[in-house]
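Below: one structure, written as structure tokens.
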Amino acid sequence: MPKTKTAKKSARSAQRKAERNKGIRSGTKSKITRAEKLIASKKGAEAGAAVTEAISSLDRAAKRKVIHANTAARKKSRLMKKLNASNKK
């Protein structure tokens with residue numbers, strides 16, 4: 001448990017930020033999952049729109065420092081790789 005006044009305030013602040021970040025992270029994951037399911041079901045146009053939405057969400061999360069920028073880049077790359085592979089077939 002925090003002892004000093006500033007440590008207590010810092011703990012409260014961290015809790016507020018964690019609550020805010022949880023929603024952003026969860027929404028981003030949902031959009032990624034939706035895009036991956038559409039890619040797997042071979043719905044090209046819908047999948048493309050879902051991937052665009054997921055990438056936008058990842059960029060926003062990275063900008064707000066909810067997820068690391070490299071993590072966002074890696075997830076975007078993998079999504080695009082899956083989309084491009086499904087369009088080739």
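Naming works like this for the structure tokens: A, B, ... for the chains as they're shown, residue 1 at the start of each chain, ligands 1 onward in shown order.
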
Contacts of A:Ala73 at 12 Å (only C-alpha atoms; same-chain gap of 5+ positions) as an MDAnalysis selection string: chainID A and resid 54:63 67:68 78:80

All residues 12 Å or closer to A:Ala47, only C-alpha atoms, same chain fewer than 3 positions away omitted, as a PyMOL selection string: chain A and resi 31-44+50-54+79-80+82-84+86-87

Atom pair atom CA of A:Ile24 / atom CA of A:Ser77: separation (Å):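 Spanning atom CA of A:Ile24 to atom CA of A:Ser77 is a straight-line distance of 19.9 Å.
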
Residue nearest A:Lys22 among A:Val66, A:Lys9, A:Gly48, A:Lys76 (counting only C-alpha atoms): A:Val66
